[in-house]
>>> print(open('coords-v4.pdb').read())   # PDB, C-alpha atoms, pLDDT in the B column
ATOM      1  CA  MET V1107      21.018  85.078  25.040  1.00 59.00           C
ATOM      2  CA  ASP V1108      20.876  88.802  24.297  1.00 64.00           C
ATOM      3  CA  ASN V1109      17.757  90.507  25.635  1.00 69.00           C
ATOM      4  CA  LYS V1110      16.862  91.736  22.145  1.00 65.00           C
ATOM      5  CA  GLU V1111      16.626  88.141  20.924  1.00 84.00           C
ATOM      6  CA  ARG V1112      14.259  86.983  23.660  1.00 93.00           C
ATOM      7  CA  ILE V1113      10.548  86.932  22.991  1.00 97.00           C
ATOM      8  CA  ILE V1114       8.324  87.334  26.031  1.00 98.00           C
ATOM      9  CA  LEU V1115       4.661  86.475  25.494  1.00 98.00           C
ATOM     10  CA  VAL V1116       2.376  88.438  27.827  1.00 98.00           C
ATOM     11  CA  THR V1117      -1.242  87.484  28.370  1.00 98.00           C
ATOM     12  CA  ASN V1118      -3.919  87.585  31.082  1.00 97.00           C
ATOM     13  CA  ASP V1119      -7.563  86.837  31.875  1.00 95.00           C
ATOM     14  CA  ASP V1120      -8.724  90.283  33.037  1.00 93.00           C
ATOM     15  CA  GLY V1121      -8.625  91.641  29.496  1.00 94.00           C
ATOM     16  CA  ILE V1122      -6.141  93.644  27.483  1.00 97.00           C
ATOM     17  CA  THR V1123      -7.168  96.975  29.056  1.00 95.00           C
ATOM     18  CA  ALA V1124      -6.754  95.820  32.684  1.00 95.00           C
ATOM     19  CA  PRO V1125      -4.201  97.749  34.777  1.00 95.00           C
ATOM     20  CA  GLY V1126      -2.515  94.494  35.789  1.00 96.00           C
ATOM     21  CA  ILE V1127      -1.346  93.606  32.291  1.00 97.00           C
ATOM     22  CA  ARG V1128       0.089  97.082  31.788  1.00 97.00           C
ATOM     23  CA  ALA V1129       2.041  96.655  35.031  1.00 97.00           C
ATOM     24  CA  LEU V1130       3.319  93.265  33.872  1.00 98.00           C
ATOM     25  CA  ILE V1131       4.450  94.688  30.530  1.00 98.00           C
ATOM     26  CA  GLU V1132       6.369  97.429  32.329  1.00 97.00           C
ATOM     27  CA  ALA V1133       7.977  94.836  34.614  1.00 97.00           C
ATOM     28  CA  VAL V1134       9.289  92.551  31.863  1.00 98.00           C
ATOM     29  CA  LYS V1135       9.983  94.827  28.881  1.00 96.00           C
ATOM     30  CA  PRO V1136      13.632  95.415  29.938  1.00 96.00           C
ATOM     31  CA  LEU V1137      14.154  91.641  29.651  1.00 97.00           C
ATOM     32  CA  GLY V1138      13.286  91.068  25.985  1.00 96.00           C
ATOM     33  CA  LYS V1139      10.926  91.788  23.124  1.00 96.00           C
ATOM     34  CA  VAL V1140       7.396  91.800  24.505  1.00 97.00           C
ATOM     35  CA  VAL V1141       4.454  90.590  22.450  1.00 98.00           C
ATOM     36  CA  VAL V1142       0.986  90.864  24.024  1.00 98.00           C
ATOM     37  CA  VAL V1143      -1.929  88.606  23.108  1.00 98.00           C
ATOM     38  CA  ALA V1144      -4.822  88.962  25.538  1.00 97.00           C
ATOM     39  CA  PRO V1145      -8.610  88.693  25.656  1.00 96.00           C
ATOM     40  CA  ASP V1146     -10.650  91.639  24.432  1.00 94.00           C
ATOM     41  CA  SER V1147     -12.878  91.380  27.531  1.00 92.00           C
ATOM     42  CA  PRO V1148     -12.604  89.926  31.068  1.00 86.00           C
ATOM     43  CA  GLN V1149     -12.338  86.120  31.166  1.00 86.00           C
ATOM     44  CA  SER V1150     -11.902  85.438  34.886  1.00 85.00           C
ATOM     45  CA  GLY V1151     -12.793  81.945  36.073  1.00 84.00           C
ATOM     46  CA  LYS V1152     -12.670  80.438  32.582  1.00 86.00           C
ATOM     47  CA  GLY V1153     -10.109  77.863  33.612  1.00 90.00           C
ATOM     48  CA  HIS V1154      -8.694  75.927  30.663  1.00 92.00           C
ATOM     49  CA  ALA V1155     -11.669  76.586  28.395  1.00 93.00           C
ATOM     50  CA  ILE V1156     -11.153  76.864  24.641  1.00 93.00           C
ATOM     51  CA  THR V1157     -13.469  78.240  21.988  1.00 93.00           C
ATOM     52  CA  ILE V1158     -15.057  75.783  19.565  1.00 94.00           C
ATOM     53  CA  GLY V1159     -18.021  76.187  17.261  1.00 93.00           C
ATOM     54  CA  VAL V1160     -17.699  79.949  16.788  1.00 95.00           C
ATOM     55  CA  PRO V1161     -15.022  81.990  14.976  1.00 96.00           C
ATOM     56  CA  LEU V1162     -12.170  83.576  16.875  1.00 96.00           C
ATOM     57  CA  ARG V1163     -11.245  87.184  16.113  1.00 96.00           C
ATOM     58  CA  LEU V1164      -7.730  88.532  16.459  1.00 96.00           C
ATOM     59  CA  ASN V1165      -7.045  92.251  16.024  1.00 96.00           C
ATOM     60  CA  GLN V1166      -3.864  94.239  16.456  1.00 97.00           C
ATOM     61  CA  VAL V1167      -4.224  97.214  18.801  1.00 96.00           C
ATOM     62  CA  ASP V1168      -2.064 100.223  19.595  1.00 95.00           C
ATOM     63  CA  ILE V1169      -2.529 100.748  23.325  1.00 95.00           C
ATOM     64  CA  PHE V1170       0.968 100.136  24.729  1.00 95.00           C
ATOM     65  CA  ASP V1171       3.914 102.330  23.708  1.00 91.00           C
ATOM     66  CA  ASP V1172       6.198 100.526  21.225  1.00 92.00           C
ATOM     67  CA  ILE V1173       4.740  97.118  22.153  1.00 96.00           C
ATOM     68  CA  GLU V1174       3.176  94.737  19.639  1.00 97.00           C
ATOM     69  CA  ALA V1175      -0.262  93.885  21.029  1.00 97.00           C
ATOM     70  CA  TRP V1176      -3.225  91.825  19.861  1.00 98.00           C
ATOM     71  CA  GLN V1177      -6.679  91.380  21.351  1.00 97.00           C
ATOM     72  CA  CYS V1178      -8.528  88.094  20.955  1.00 97.00           C
ATOM     73  CA  SER V1179     -12.243  87.386  21.199  1.00 96.00           C
ATOM     74  CA  GLY V1180     -11.590  84.054  22.927  1.00 95.00           C
ATOM     75  CA  THR V1181     -10.348  82.698  26.233  1.00 96.00           C
ATOM     76  CA  PRO V1182      -6.888  83.076  27.776  1.00 96.00           C
ATOM     77  CA  VAL V1183      -5.961  79.631  26.454  1.00 96.00           C
ATOM     78  CA  ASP V1184      -7.132  80.633  22.963  1.00 96.00           C
ATOM     79  CA  CYS V1185      -4.820  83.649  23.210  1.00 97.00           C
ATOM     80  CA  VAL V1186      -1.771  81.474  23.860  1.00 97.00           C
ATOM     81  CA  LYS V1187      -2.656  79.029  21.102  1.00 97.00           C
ATOM     82  CA  LEU V1188      -3.147  81.808  18.545  1.00 97.00           C
ATOM     83  CA  ALA V1189      -0.002  83.616  19.674  1.00 97.00           C
ATOM     84  CA  ARG V1190       2.082  80.504  19.126  1.00 95.00           C
ATOM     85  CA  ASP V1191       0.554  79.578  15.769  1.00 94.00           C
ATOM     86  CA  LYS V1192      -0.445  82.809  14.052  1.00 95.00           C
ATOM     87  CA  ILE V1193       1.591  85.662  15.521  1.00 96.00           C
ATOM     88  CA  LEU V1194       4.961  84.420  16.748  1.00 96.00           C
ATOM     89  CA  HIS V1195       5.213  81.346  14.494  1.00 89.00           C
ATOM     90  CA  ARG V1196       7.576  79.883  17.076  1.00 91.00           C
ATOM     91  CA  LYS V1197       7.763  79.248  20.777  1.00 93.00           C
ATOM     92  CA  PRO V1198       8.439  82.362  22.859  1.00 96.00           C
ATOM     93  CA  ASP V1199      11.286  82.144  25.346  1.00 96.00           C
ATOM     94  CA  ILE V1200       8.847  82.606  28.231  1.00 97.00           C
ATOM     95  CA  CYS V1201       5.143  83.228  28.797  1.00 98.00           C
ATOM     96  CA  VAL V1202       4.033  85.508  31.623  1.00 98.00           C
ATOM     97  CA  SER V1203       0.375  85.831  32.557  1.00 98.00           C
ATOM     98  CA  GLY V1204      -1.332  88.477  34.727  1.00 92.00           C
ATOM     99  CA  ILE V1205      -0.987  90.439  36.827  1.00 97.00           C
ATOM    100  CA  ASN V1206      -4.364  89.168  38.002  1.00 96.00           C
ATOM    101  CA  HIS V1207      -6.641  91.278  40.183  1.00 94.00           C
ATOM    102  CA  GLY V1208      -7.267  88.879  43.079  1.00 93.00           C
ATOM    103  CA  ALA V1209      -5.826  85.701  44.540  1.00 93.00           C
ATOM    104  CA  ASN V1210      -5.077  82.511  42.641  1.00 94.00           C
ATOM    105  CA  HIS V1211      -3.596  80.573  45.547  1.00 94.00           C
ATOM    106  CA  SER V1212      -4.609  77.078  46.750  1.00 92.00           C
ATOM    107  CA  ILE V1213      -7.534  75.506  44.844  1.00 90.00           C
ATOM    108  CA  ASN V1214      -8.117  78.720  42.870  1.00 89.00           C
ATOM    109  CA  VAL V1215      -5.428  77.545  40.462  1.00 92.00           C
ATOM    110  CA  ILE V1216      -7.969  75.079  39.014  1.00 92.00           C
ATOM    111  CA  TYR V1217     -10.424  77.810  38.025  1.00 92.00           C
ATOM    112  CA  SER V1218      -7.994  80.547  37.098  1.00 94.00           C
ATOM    113  CA  GLY V1219      -7.848  81.825  33.535  1.00 95.00           C
ATOM    114  CA  THR V1220      -4.560  83.527  34.446  1.00 96.00           C
ATOM    115  CA  MET V1221      -2.962  80.231  35.365  1.00 96.00           C
ATOM    116  CA  SER V1222      -4.588  78.270  32.538  1.00 96.00           C
ATOM    117  CA  ALA V1223      -3.013  80.602  29.990  1.00 97.00           C
ATOM    118  CA  ALA V1224       0.389  79.986  31.558  1.00 97.00           C
ATOM    119  CA  MET V1225      -0.341  76.268  31.757  1.00 97.00           C
ATOM    120  CA  GLU V1226      -1.185  76.113  28.067  1.00 97.00           C
ATOM    121  CA  ALA V1227       2.206  77.601  27.274  1.00 97.00           C
ATOM    122  CA  ALA V1228       3.890  75.144  29.644  1.00 97.00           C
ATOM    123  CA  ILE V1229       2.161  72.250  27.869  1.00 96.00           C
ATOM    124  CA  GLU V1230       3.956  73.482  24.745  1.00 95.00           C
ATOM    125  CA  GLY V1231       7.274  73.297  26.593  1.00 95.00           C
ATOM    126  CA  ILE V1232       7.516  77.048  27.257  1.00 96.00           C
ATOM    127  CA  PRO V1233       8.671  78.135  30.740  1.00 97.00           C
ATOM    128  CA  SER V1234       5.653  79.985  32.118  1.00 98.00           C
ATOM    129  CA  VAL V1235       4.401  81.840  35.154  1.00 98.00           C
ATOM    130  CA  GLY V1236       1.142  83.346  36.334  1.00 98.00           C
ATOM    131  CA  PHE V1237       1.182  86.393  38.624  1.00 98.00           C
ATOM    132  CA  SER V1238      -1.719  87.358  40.891  1.00 97.00           C
ATOM    133  CA  PHE V1239      -2.129  90.230  43.343  1.00 97.00           C
ATOM    134  CA  LEU V1240      -4.389  89.858  46.375  1.00 96.00           C
ATOM    135  CA  GLU V1241      -6.012  93.215  45.649  1.00 94.00           C
ATOM    136  CA  TYR V1242      -9.284  93.427  43.738  1.00 88.00           C
ATOM    137  CA  SER V1243      -9.462  97.193  43.331  1.00 85.00           C
ATOM    138  CA  TYR V1244      -9.203  98.498  39.786  1.00 82.00           C
ATOM    139  CA  ASP V1245      -7.072 101.360  41.139  1.00 88.00           C
ATOM    140  CA  ALA V1246      -4.674  99.076  43.015  1.00 92.00           C
ATOM    141  CA  ASP V1247      -1.038 100.133  43.448  1.00 94.00           C
ATOM    142  CA  PHE V1248       0.957  97.607  41.389  1.00 96.00           C
ATOM    143  CA  SER V1249       4.396  98.785  42.536  1.00 96.00           C
ATOM    144  CA  LEU V1250       5.183  95.649  44.560  1.00 97.00           C
ATOM    145  CA  PRO V1251       3.668  93.189  42.047  1.00 97.00           C
ATOM    146  CA  LYS V1252       5.751  94.803  39.276  1.00 97.00           C
ATOM    147  CA  LYS V1253       8.901  94.342  41.367  1.00 97.00           C
ATOM    148  CA  VAL V1254       8.114  90.689  42.083  1.00 98.00           C
ATOM    149  CA  ALA V1255       7.146  89.946  38.472  1.00 98.00           C
ATOM    150  CA  GLY V1256      10.332  91.488  37.133  1.00 98.00           C
ATOM    151  CA  GLU V1257      12.565  89.617  39.570  1.00 98.00           C
ATOM    152  CA  VAL V1258      10.898  86.223  39.079  1.00 98.00           C
ATOM    153  CA  THR V1259      10.821  86.546  35.287  1.00 98.00           C
ATOM    154  CA  GLN V1260      14.478  87.532  35.172  1.00 97.00           C
ATOM    155  CA  ARG V1261      15.455  84.597  37.381  1.00 97.00           C
ATOM    156  CA  MET V1262      13.464  82.220  35.164  1.00 97.00           C
ATOM    157  CA  LEU V1263      15.177  83.515  32.021  1.00 96.00           C
ATOM    158  CA  GLU V1264      18.600  83.104  33.619  1.00 95.00           C
ATOM    159  CA  SER V1265      17.963  79.587  34.958  1.00 95.00           C
ATOM    160  CA  ALA V1266      18.213  76.229  33.227  1.00 91.00           C
ATOM    161  CA  LEU V1267      14.612  75.186  33.854  1.00 93.00           C
ATOM    162  CA  PRO V1268      13.131  71.946  32.495  1.00 91.00           C
ATOM    163  CA  ALA V1269      10.618  72.052  29.653  1.00 88.00           C
ATOM    164  CA  GLY V1270       7.115  72.598  30.924  1.00 90.00           C
ATOM    165  CA  THR V1271       8.165  74.612  33.988  1.00 97.00           C
ATOM    166  CA  LEU V1272       5.138  76.398  35.416  1.00 98.00           C
ATOM    167  CA  PHE V1273       5.020  78.696  38.443  1.00 98.00           C
ATOM    168  CA  ASN V1274       2.039  80.149  40.298  1.00 98.00           C
ATOM    169  CA  VAL V1275       3.072  83.389  41.997  1.00 98.00           C
ATOM    170  CA  ASN V1276       0.780  85.310  44.351  1.00 98.00           C
ATOM    171  CA  ILE V1277       1.680  88.672  45.868  1.00 98.00           C
ATOM    172  CA  PRO V1278       0.312  89.990  49.193  1.00 97.00           C
ATOM    173  CA  VAL V1279      -1.160  93.428  49.815  1.00 96.00           C
ATOM    174  CA  VAL V1280       1.630  94.995  51.820  1.00 96.00           C
ATOM    175  CA  ASP V1281       3.916  97.987  51.439  1.00 93.00           C
ATOM    176  CA  GLU V1282       7.451  97.326  50.254  1.00 91.00           C
ATOM    177  CA  ALA V1283       8.857  97.992  53.723  1.00 94.00           C
ATOM    178  CA  GLY V1284       6.813  95.108  55.141  1.00 96.00           C
ATOM    179  CA  TYR V1285       7.407  92.735  52.215  1.00 97.00           C
ATOM    180  CA  LYS V1286       9.585  89.733  53.171  1.00 97.00           C
ATOM    181  CA  GLY V1287      10.476  88.323  49.745  1.00 97.00           C
ATOM    182  CA  VAL V1288       9.523  85.276  47.682  1.00 97.00           C
ATOM    183  CA  ARG V1289       8.864  81.997  49.481  1.00 97.00           C
ATOM    184  CA  ILE V1290       8.828  78.666  47.632  1.00 97.00           C
ATOM    185  CA  CYS V1291       5.639  76.892  48.717  1.00 97.00           C
ATOM    186  CA  ARG V1292       3.255  74.054  48.191  1.00 96.00           C
ATOM    187  CA  GLN V1293      -0.420  74.553  47.385  1.00 93.00           C
ATOM    188  CA  ALA V1294      -2.515  74.829  50.548  1.00 94.00           C
ATOM    189  CA  ASP V1295      -5.355  72.419  51.295  1.00 89.00           C
ATOM    190  CA  ALA V1296      -7.949  75.178  51.210  1.00 89.00           C
ATOM    191  CA  LYS V1297     -11.141  75.810  49.282  1.00 85.00           C
ATOM    192  CA  TRP V1298     -14.256  77.923  49.000  1.00 81.00           C
ATOM    193  CA  GLU V1299     -17.287  76.749  50.942  1.00 83.00           C
ATOM    194  CA  GLU V1300     -19.798  77.846  48.334  1.00 85.00           C
ATOM    195  CA  GLU V1301     -23.430  78.826  48.546  1.00 88.00           C
ATOM    196  CA  PHE V1302     -25.882  80.055  45.947  1.00 91.00           C
ATOM    197  CA  ASP V1303     -27.886  83.052  47.047  1.00 92.00           C
ATOM    198  CA  GLU V1304     -31.372  82.701  45.562  1.00 94.00           C
ATOM    199  CA  ARG V1305     -32.924  85.953  44.376  1.00 94.00           C
ATOM    200  CA  ARG V1306     -35.726  87.124  42.115  1.00 95.00           C
ATOM    201  CA  ASP V1307     -35.536  89.480  39.173  1.00 94.00           C
ATOM    202  CA  PRO V1308     -38.081  92.303  38.533  1.00 95.00           C
ATOM    203  CA  HIS V1309     -40.292  89.763  36.723  1.00 95.00           C
ATOM    204  CA  GLY V1310     -40.384  87.470  39.741  1.00 94.00           C
ATOM    205  CA  LYS V1311     -38.191  84.785  38.168  1.00 96.00           C
ATOM    206  CA  LYS V1312     -35.536  83.092  40.257  1.00 95.00           C
ATOM    207  CA  TYR V1313     -31.831  83.562  39.674  1.00 95.00           C
ATOM    208  CA  TYR V1314     -28.750  82.578  41.660  1.00 94.00           C
ATOM    209  CA  TRP V1315     -25.642  84.441  42.757  1.00 91.00           C
ATOM    210  CA  LEU V1316     -22.564  82.464  43.770  1.00 88.00           C
ATOM    211  CA  THR V1317     -21.284  83.388  47.233  1.00 88.00           C
ATOM    212  CA  GLY V1318     -19.210  81.661  49.886  1.00 84.00           C
ATOM    213  CA  GLN V1319     -16.348  81.816  52.342  1.00 85.00           C
ATOM    214  CA  PHE V1320     -12.748  80.780  51.895  1.00 85.00           C
ATOM    215  CA  LYS V1321     -11.750  78.019  54.338  1.00 87.00           C
ATOM    216  CA  ASN V1322      -8.128  77.094  54.970  1.00 88.00           C
ATOM    217  CA  ARG V1323      -7.874  73.613  56.503  1.00 88.00           C
ATOM    218  CA  ASP V1324      -4.084  73.550  56.217  1.00 86.00           C
ATOM    219  CA  THR V1325      -1.960  74.442  59.258  1.00 87.00           C
ATOM    220  CA  GLY V1326       1.369  74.014  57.486  1.00 91.00           C
ATOM    221  CA  GLU V1327       3.852  76.872  57.347  1.00 92.00           C
ATOM    222  CA  ASP V1328       5.088  75.847  53.901  1.00 94.00           C
ATOM    223  CA  THR V1329       1.887  76.700  52.015  1.00 96.00           C
ATOM    224  CA  ASP V1330       1.016  79.560  49.707  1.00 96.00           C
ATOM    225  CA  VAL V1331      -1.776  80.740  52.010  1.00 95.00           C
ATOM    226  CA  TRP V1332       0.558  80.887  55.029  1.00 96.00           C
ATOM    227  CA  ALA V1333       3.205  82.757  53.051  1.00 97.00           C
ATOM    228  CA  LEU V1334       0.745  85.386  51.869  1.00 97.00           C
ATOM    229  CA  GLU V1335      -0.705  85.858  55.347  1.00 96.00           C
ATOM    230  CA  ASN V1336       2.847  86.508  56.566  1.00 97.00           C
ATOM    231  CA  ASN V1337       3.766  89.082  53.911  1.00 97.00           C
ATOM    232  CA  TYR V1338       5.696  86.820  51.556  1.00 98.00           C
ATOM    233  CA  ALA V1339       5.011  86.374  47.872  1.00 98.00           C
ATOM    234  CA  SER V1340       4.260  82.693  47.298  1.00 98.00           C
ATOM    235  CA  LEU V1341       5.793  80.710  44.433  1.00 98.00           C
ATOM    236  CA  VAL V1342       4.333  77.261  43.813  1.00 97.00           C
ATOM    237  CA  PRO V1343       5.836  75.018  41.111  1.00 97.00           C
ATOM    238  CA  VAL V1344       2.783  73.579  39.336  1.00 96.00           C
ATOM    239  CA  GLN V1345       2.397  70.507  37.141  1.00 93.00           C
ATOM    240  CA  PHE V1346      -0.328  69.562  34.679  1.00 91.00           C
ATOM    241  CA  ASP V1347       0.165  65.810  35.069  1.00 92.00           C
ATOM    242  CA  LEU V1348      -2.794  65.022  37.372  1.00 92.00           C
ATOM    243  CA  THR V1349      -1.830  61.413  37.987  1.00 94.00           C
ATOM    244  CA  ASN V1350      -1.969  60.367  41.645  1.00 94.00           C
ATOM    245  CA  TYR V1351       1.221  58.284  41.626  1.00 96.00           C
ATOM    246  CA  LYS V1352       0.945  57.148  45.252  1.00 95.00           C
ATOM    247  CA  LEU V1353      -2.545  55.760  44.643  1.00 97.00           C
ATOM    248  CA  LYS V1354      -1.436  54.286  41.315  1.00 96.00           C
ATOM    249  CA  THR V1355       1.259  52.262  43.081  1.00 96.00           C
ATOM    250  CA  GLN V1356      -1.247  51.085  45.701  1.00 96.00           C
ATOM    251  CA  LEU V1357      -3.785  50.043  43.065  1.00 95.00           C
ATOM    252  CA  GLU V1358      -1.149  48.155  41.085  1.00 94.00           C
ATOM    253  CA  ALA V1359      -0.592  46.040  44.197  1.00 94.00           C
ATOM    254  CA  ASP V1360      -4.135  45.748  45.532  1.00 95.00           C
ATOM    255  CA  TRP V1361      -6.067  45.487  42.270  1.00 96.00           C
ATOM    256  CA  LYS V1362      -3.680  43.361  40.243  1.00 88.00           C
ATOM    257  CA  ASP V1363      -6.335  40.612  39.944  1.00 88.00           C
ATOM    258  CA  LEU V1364      -8.861  42.983  38.368  1.00 85.00           C
TER     259      LEU V1364
END
>>> encode(input="coords-v4.pdb", output="structure tokens")
Amino acid sequence: MDNKERIILVTNDDGITAPGIRALIEAVKPLGKVVVVAPDSPQSGKGHAITIGVPLRLNQVDIFDDIEAWQCSGTPVDCVKLARDKILHRKPDICVSGINHGANHSINVIYSGTMSAAMEAAIEGIPSVGFSFLEYSYDADFSLPKKVAGEVTQRMLESALPAGTLFNVNIPVVDEAGYKGVRICRQADAKWEEEFDERRDPHGKKYYWLTGQFKNRDTGEDTDVWALENNYASLVPVQFDLTNYKLKTQLEADWKDL
């Protein structure tokens, strides 16, 4: 397919003005026609939430040179749904989400608005990928993430991938000289050990602030966490079928008299 005929849907969860989405647009615009539909404000941690009960607003904005862009009042998933139904009127050839400020490796994929936007597109049969950079600074240098995003997106467009393909790509904070390339991984068995810090506001009323520490219980060298700690970008093929097939087979044998 000619690049001019490809439609690349770009979205994110940090909001349409975040530096990461601008970097992603720059990375993929040589590969096709880019259309941006992204939240009008930060939506981190929204997961696969959708908006019901209140109207959604969708406004075209002129903030990227020669790029059609729309901001949406809803969640990242809302953005993908509206893009498909009201803006593109067809499936895009690929959906790319990000580049997120901060990690979405291991269990973070469950909470991530970045990945949920990509997942929504994958549910519609659109090859999709979420990109995240392990740097939280607003002024982060996106040179390496742009390189990785461009290379992965190009490879996806050139490959015969099955419908519903979904990748979770995380990029380490390392200079290009120390970067070792993309490593295909599994999701690490790691999670946040969370605590709620109890505080009081100026009126003496209690409120809570979520804190915690990230704990990696996985010693494998094939995980996303290991790859990132060793200066690789991690690529995890993700699925949205949550069925535990091993346990299903066991239950079919052990519980057949139920």
>>> resolve_selection(input="coords-v4.pdb", expression="the PyMOL selection byres ((chain V and resi 1335-1338) around 10)", output="VMD selection string")
chain V and resid 1276 to 1282 1284 to 1290 1327 1330 to 1334 1339 to 1341
>>> atom_distance(input="coords-v4.pdb", atom1="atom CA of V:Gly1318", atom2="atom CA of V:Glu1299")
5.4 Å
>>> closest_atom_pairs(input="coords-v4.pdb", of="stretch 1148-1265 of chain V", to="stretch 1321-1324 of chain V", cutoff="12 Å", atoms="all atoms listed in the file", output="Markdown table")
| residue | atom | partner | partner_atom | distance |
| --- | --- | --- | --- | --- |
| V:His1211 | CA | V:Asn1322 | CA | 11.0 |
| V:Ser1212 | CA | V:Asn1322 | CA | 8.9 |
| V:Ile1213 | CA | V:Asn1322 | CA | 10.3 |
>>> axis_aligned_box(input="coords-v4.pdb", around="stretch 1219-1225 of chain V", padding_each_side="4 Å", output="JSON")
{"center_x": -3.7, "center_y": 79.9, "center_z": 32.7, "size_x": 16.2, "size_y": 15.3, "size_z": 13.4}
>>> atom_distance(input="coords-v4.pdb", atom1="atom CA of V:Ile1173", atom2="atom CA of V:Gly1231")
24.4 Å
>>> residues_near_point(input="coords-v4.pdb", point="(7.8, 87.3, 41.6)", cutoff="10 Å", atoms="all atoms listed in the file", output="list of chain:residue names")
V:Val1235, V:Gly1236, V:Phe1237, V:Ser1238, V:Leu1250, V:Pro1251, V:Lys1252, V:Lys1253, V:Val1254, V:Ala1255, V:Gly1256, V:Glu1257, V:Val1258, V:Thr1259, V:Gln1260, V:Arg1261, V:Met1262, V:Phe1273, V:Asn1274, V:Val1275, V:Asn1276, V:Ile1277, V:Gly1287, V:Val1288, V:Arg1289, V:Ala1339, V:Ser1340, V:Leu1341
>>> atom_distance(input="coords-v4.pdb", atom1="atom CA of V:Val1167", atom2="atom CA of V:Glu1230")
25.8 Å
>>> residues_near_point(input="coords-v4.pdb", point="(9.3, 91.0, 29.0)", cutoff="7 Å", atoms="only C-alpha atoms", output="list in words")
Ile1114, Ile1131, Ala1133, Val1134, Lys1135, Pro1136, Leu1137, Gly1138, Lys1139 and Val1140 of chain V
>>> closest_residue(input="coords-v4.pdb", among="V:Gly1159, V:Gly1270, V:Pro1145, V:Gly1326", to="V:Val1344", atoms="all atoms listed in the file")
V:Gly1270
>>> residues_around(input="coords-v4.pdb", residues="V:Phe1239", least_positions_apart="2", cutoff="6 Å", atoms="all atoms listed in the file", output="CSV table (one decimal) with C-alpha atoms, in the coordinates of the input")
chain,number,residue,atom,x,y,z
V,1206,ASN,CA,-4.4,89.2,38.0
V,1207,HIS,CA,-6.6,91.3,40.2
V,1208,GLY,CA,-7.3,88.9,43.1
V,1209,ALA,CA,-5.8,85.7,44.5
V,1241,GLU,CA,-6.0,93.2,45.6
V,1276,ASN,CA,0.8,85.3,44.4
V,1277,ILE,CA,1.7,88.7,45.9
>>> resolve_selection(input="coords-v4.pdb", expression="the PyMOL selection byres ((chain V and resi 1304) around 7)", output="list in words")
Phe1302, Asp1303, Arg1305, Lys1312, Tyr1313, Tyr1314 and Trp1315 of chain V
>>> resolve_selection(input="coords-v4.pdb", expression="the PyMOL selection byres ((chain V and resi 1121-1124) around 6)", output="list in words")
Asp1119, Asp1120, Pro1125, Gly1126, Ile1127, Ala1144, Pro1145, Asp1146, Ser1147 and Pro1148 of chain V
>>> closest_residue(input="coords-v4.pdb", among="V:Glu1226, V:Asp1295, V:Asp1191, V:Asp1171", to="V:Arg1128", atoms="only C-alpha atoms")
V:Asp1171
>>> residues_around(input="coords-v4.pdb", residues="V:Val1160", least_positions_apart="4", cutoff="12 Å", atoms="only C-alpha atoms", output="number ranges by chain")
V: 1156, 1179-1180
>>> write_last_selection(input="coords-v4.pdb", atoms="C-alpha atoms", output="PDB file, in the frame of the given file")
ATOM      1  CA  ILE V1156     -11.153  76.864  24.641  1.00 93.00           C
ATOM      2  CA  SER V1179     -12.243  87.386  21.199  1.00 96.00           C
ATOM      3  CA  GLY V1180     -11.590  84.054  22.927  1.00 95.00           C
TER       4      GLY V1180
END
>>> residues_around(input="coords-v4.pdb", residues="V:Val1142", least_positions_apart="2", cutoff="7 Å", atoms="only C-alpha atoms", output="ChimeraX atom specification")
/V:1115-1117,1140,1144,1174-1176
>>> write_last_selection(input="coords-v4.pdb", atoms="C-alpha atoms", output="mmCIF file, in the frame of the given file")
data_model
loop_
_atom_site.group_PDB
_atom_site.id
_atom_site.type_symbol
_atom_site.label_atom_id
_atom_site.label_comp_id
_atom_site.auth_asym_id
_atom_site.auth_seq_id
_atom_site.Cartn_x
_atom_site.Cartn_y
_atom_site.Cartn_z
ATOM 1 C CA LEU V 1115 4.661 86.475 25.494
ATOM 2 C CA VAL V 1116 2.376 88.438 27.827
ATOM 3 C CA THR V 1117 -1.242 87.484 28.370
ATOM 4 C CA VAL V 1140 7.396 91.800 24.505
ATOM 5 C CA ALA V 1144 -4.822 88.962 25.538
ATOM 6 C CA GLU V 1174 3.176 94.737 19.639
ATOM 7 C CA ALA V 1175 -0.262 93.885 21.029
ATOM 8 C CA TRP V 1176 -3.225 91.825 19.861
#
>>> closest_residue(input="coords-v4.pdb", among="V:Arg1112, V:Arg1190, V:Lys1297, V:Lys1362", to="V:Asn1210", atoms="all atoms listed in the file")
V:Lys1297
>>> residues_around(input="coords-v4.pdb", residues="stretch 1345-1361 of chain V", least_positions_apart="6", cutoff="9 Å", atoms="all atoms listed in the file", output="tab-separated table (two decimals) with C-alpha atoms, in the coordinates of the input")
chain	number	residue	atom	x	y	z
V	1225	MET	CA	-0.34	76.27	31.76
V	1228	ALA	CA	3.89	75.14	29.64
V	1229	ILE	CA	2.16	72.25	27.87
V	1270	GLY	CA	7.12	72.60	30.92
V	1271	THR	CA	8.16	74.61	33.99
V	1272	LEU	CA	5.14	76.40	35.42
V	1273	PHE	CA	5.02	78.70	38.44
>>> closest_residue(input="coords-v4.pdb", among="V:Ala1294, V:Asp1184, V:Asn1118, V:Tyr1242", to="V:Thr1157", atoms="all atoms listed in the file")
V:Asp1184
